[in-house]
Amino acid sequence: MRTYAKFGWEIITFDPSALGLSGGDGTSSSTAPAATSSPATAPAANISSAVDSTLATSTTTGVTGEVTATPETNESEYLELVTIGGQTLSLDFDTGSSDLWVFSNKLASSQSSGHTSYDPSRSSTWSSYQGASWSIQYGDGSSASGSVGYDKVSIGGATVNKQCVELAEEVSGSFITDTNSDGLLGLGFGTINTVKPQKQKTFFENVMPSLAQPLFTADLKDNASGTYTFGEIDPSQYSGDIEWTSIDNSNGFWEFGSKSYSVNGKTYQCTTCNSVIADTGTSLIMVDDDIVKNYYGQIPSAKLSQQQGGYIYDCSAQLPPIGFQIGQGMATLTGEQITYAPLGDGTCFGGVQSNNGGDLQIFGDMLLKNFFAIFDGGNKTFGIAAKA
């Protein structure tokens, strides 16, 4: 069973086996940062001096890369093909974590059955990081750990010749049963990477200097394959203007402030609201309690279900639209875009849920799949636009 948040300091559980919700953000249980909302404007992503910056190399510049993002049931997660040392694996891209880990031949066959496992002995470009280890625990209780090395990693043609790759030697049950996924690729910032004794940069941080533009985009789709693109903004994937907001990456996330929201066309100020992270690894939109209560308070059949761990309502209900401030704009979802999944008894599980008092709000795939999203590491900004 997976949950819809992987924050190590906030575990939210429920039993929607039919939903297949993804765990989302991948901070380890030892990294529970306090949210801040002060925007940063430096032209490059700053990485702690503890992060290894010496080994990653790239031989070309001005490159771009595009890869298909394939959704699992209910868009609980999107999977992308990544080539590591000539071996292709299906990984979950997660902007809320910073570890690139894979199923490996070091796992017991009982844990790796049904998965594609990376075998370092089959790669001529593999090198071991002797004495290093990693261990990550996600807020849904799932976990993985193992050993560390470096190999050539390529995503749609964008390549890092010596990227840190974390080999799983132990994985928890939810990863074992999700046989479509062979691991995770974190696209947050290296300050929350879990490798010891020295934190490692993410693939994006390492490939960024070689890209035509220092950014990547997520064009996720509802019940259809989308794309991740590295190094360029494809004008055919969006329409209208891009709304930009500065991000603060000091906590390792694509984090920004959002101080207003709208319900059914009426705007509400939210001066006490926590800051937000844009997180492709979380299925739902998880926001502060006052927003959730305001929204579901306008749906007569809505109720907080302890059994399901969130708000449910009659599937026949007419849901009002809800919007969230991003930059100077309002990213608005229609009522038809709010439902995550039916529960089979005439009720539906909402795609907007409470963060249960957490220090951050999360704009997960329920929001991101309805917009074109841009993660600009060079300018430290996050952008969003209407889909083409």
# chains A, B, ... in the order shown; residues from 1 in each chain; ligands from 1
call {"tool": "select_by_dssp", "arguments": {"residues": "region 158-254 of chain A", "states": "strand (DSSP E)", "output": "PyMOL selection string"}}
result
chain A and resi 158-171+183-186+215-219+226-230+238-246
call {"tool": "write_last_selection", "arguments": {"atoms": "C-alpha atoms", "output": "PDB file, in the first residue's frame"}}
result
ATOM      1  CA  ALA A 158      20.937  14.306 -22.214  1.00  0.00           C
ATOM      2  CA  THR A 159      23.899  12.554 -20.612  1.00  0.00           C
ATOM      3  CA  VAL A 160      26.073  12.708 -17.495  1.00  0.00           C
ATOM      4  CA  ASN A 161      29.177  10.549 -17.848  1.00  0.00           C
ATOM      5  CA  LYS A 162      29.762  10.038 -14.117  1.00  0.00           C
ATOM      6  CA  GLN A 163      26.472  10.293 -12.272  1.00  0.00           C
ATOM      7  CA  CYS A 164      25.993   8.959  -8.768  1.00  0.00           C
ATOM      8  CA  VAL A 165      23.858   5.809  -8.918  1.00  0.00           C
ATOM      9  CA  GLU A 166      22.580   4.231  -5.714  1.00  0.00           C
ATOM     10  CA  LEU A 167      22.188   0.459  -5.804  1.00  0.00           C
ATOM     11  CA  ALA A 168      19.321  -0.945  -3.779  1.00  0.00           C
ATOM     12  CA  GLU A 169      20.265  -3.854  -1.554  1.00  0.00           C
ATOM     13  CA  GLU A 170      17.098  -3.632   0.549  1.00  0.00           C
ATOM     14  CA  VAL A 171      13.677  -2.296  -0.498  1.00  0.00           C
ATOM     15  CA  GLY A 183      13.536   2.861  -8.848  1.00  0.00           C
ATOM     16  CA  LEU A 184      13.399   6.629  -8.463  1.00  0.00           C
ATOM     17  CA  LEU A 185      15.266   9.540 -10.011  1.00  0.00           C
ATOM     18  CA  GLY A 186      15.240  12.577  -7.747  1.00  0.00           C
ATOM     19  CA  LEU A 215      15.951  23.804 -17.123  1.00  0.00           C
ATOM     20  CA  PHE A 216      13.578  20.916 -17.628  1.00  0.00           C
ATOM     21  CA  THR A 217       9.849  20.798 -18.280  1.00  0.00           C
ATOM     22  CA  ALA A 218       7.090  18.383 -17.304  1.00  0.00           C
ATOM     23  CA  ASP A 219       4.186  17.971 -19.697  1.00  0.00           C
ATOM     24  CA  GLY A 226       3.313  12.927 -21.578  1.00  0.00           C
ATOM     25  CA  THR A 227       6.932  14.060 -21.669  1.00  0.00           C
ATOM     26  CA  TYR A 228       9.847  15.382 -19.649  1.00  0.00           C
ATOM     27  CA  THR A 229      12.134  17.632 -21.690  1.00  0.00           C
ATOM     28  CA  PHE A 230      15.621  18.696 -20.599  1.00  0.00           C
ATOM     29  CA  TYR A 238       1.778  25.210 -24.020  1.00  0.00           C
ATOM     30  CA  SER A 239      -0.352  28.200 -24.934  1.00  0.00           C
ATOM     31  CA  GLY A 240      -0.525  31.771 -23.661  1.00  0.00           C
ATOM     32  CA  ASP A 241       1.940  33.264 -21.223  1.00  0.00           C
ATOM     33  CA  ILE A 242       4.146  31.467 -18.716  1.00  0.00           C
ATOM     34  CA  GLU A 243       3.574  32.545 -15.119  1.00  0.00           C
ATOM     35  CA  TRP A 244       6.874  32.556 -13.227  1.00  0.00           C
ATOM     36  CA  THR A 245       7.683  32.549  -9.535  1.00  0.00           C
ATOM     37  CA  SER A 246      11.060  32.579  -7.769  1.00  0.00           C
TER      38      SER A 246
END
call {"tool": "select_by_dssp", "arguments": {"residues": "region 215-364 of chain A", "states": "helix (DSSP H, G or I)", "output": "list in words"}}
result
Pro235, Ser236, Gln237, Asp289, Asp290, Ile291, Val292, Lys293, Asn294, Tyr295, Tyr296, Gly335, Glu336 and Gln337 of chain A
call {"tool": "write_last_selection", "arguments": {"atoms": "C-alpha atoms", "output": "tab-separated table (two decimals), in the first residue's frame"}}
result
chain	number	residue	atom	x	y	z
A	235	PRO	CA	6.41	26.08	-27.55
A	236	SER	CA	4.12	23.42	-29.00
A	237	GLN	CA	3.38	22.09	-25.50
A	289	ASP	CA	-6.43	22.75	6.57
A	290	ASP	CA	-8.22	26.07	6.16
A	291	ILE	CA	-8.14	25.72	2.37
A	292	VAL	CA	-9.37	22.13	2.44
A	293	LYS	CA	-12.18	22.88	4.90
A	294	ASN	CA	-13.29	25.91	2.88
A	295	TYR	CA	-13.39	23.91	-0.33
A	296	TYR	CA	-15.17	20.78	0.89
A	335	GLY	CA	-14.65	20.70	-10.76
A	336	GLU	CA	-14.21	17.85	-13.25
A	337	GLN	CA	-10.46	17.86	-12.63
call {"tool": "residues_around", "arguments": {"residues": "Leu360 (chain A)", "least_positions_apart": "6", "cutoff": "8 Å", "atoms": "only C-alpha atoms", "output": "number ranges by chain"}}
result
A: 35, 274-277, 287
call {"tool": "closest_residue", "arguments": {"among": "A:Thr83, A:Ser113, A:Ser262, A:Asn249", "to": "Ile192 (chain A)", "atoms": "only C-alpha atoms"}}
result
A:Asn249
call {"tool": "closest_residue", "arguments": {"among": "A:Trp126, A:Phe372, A:Tyr311, A:Phe93", "to": "Ala385 (chain A)", "atoms": "only C-alpha atoms"}}
result
A:Phe372
call {"tool": "closest_atom_pairs", "arguments": {"of": "region 121-214 of chain A", "to": "region 66-80 of chain A", "cutoff": "9 Å", "atoms": "only C-alpha atoms", "output": "tab-separated table"}}
result
residue	atom	partner	partner_atom	distance
A:Ile155	CA	A:Val67	CA	6.6
A:Gly156	CA	A:Glu66	CA	4.7
A:Gly157	CA	A:Glu66	CA	7.3
A:Ala158	CA	A:Glu66	CA	8.0
A:Asn180	CA	A:Leu79	CA	8.0
A:Ser181	CA	A:Leu79	CA	6.9
call {"tool": "residues_around", "arguments": {"residues": "Ser110 (chain A)", "least_positions_apart": "4", "cutoff": "12 Å", "atoms": "only C-alpha atoms", "output": "list in words"}}
result
Asn105, Lys106, Gly114, His115, Glu169, Glu170, Val171, Ser172, Gly173, Ile176 and Thr177 of chain A
call {"tool": "closest_residue", "arguments": {"among": "A:Gln198, A:Thr282, A:Asn370, A:Ser154", "to": "Ser133 (chain A)", "atoms": "only C-alpha atoms"}}
result
A:Gln198
call {"tool": "atom_distance", "arguments": {"atom1": "CA of Asp94 (chain A)", "atom2": "CA of Ser283 (chain A)"}}
result
10.8 Å
call {"tool": "atom_distance", "arguments": {"atom1": "CA of Leu220 (chain A)", "atom2": "CA of Gly358 (chain A)"}}
result
25.9 Å
call {"tool": "atom_distance", "arguments": {"atom1": "CA of Cys273 (chain A)", "atom2": "CA of Pro300 (chain A)"}}
result
25.2 Å
call {"tool": "closest_residue", "arguments": {"among": "A:Gly297, A:Gly149, A:Gly190, A:Pro120", "to": "Leu319 (chain A)", "atoms": "only C-alpha atoms"}}
result
A:Gly297
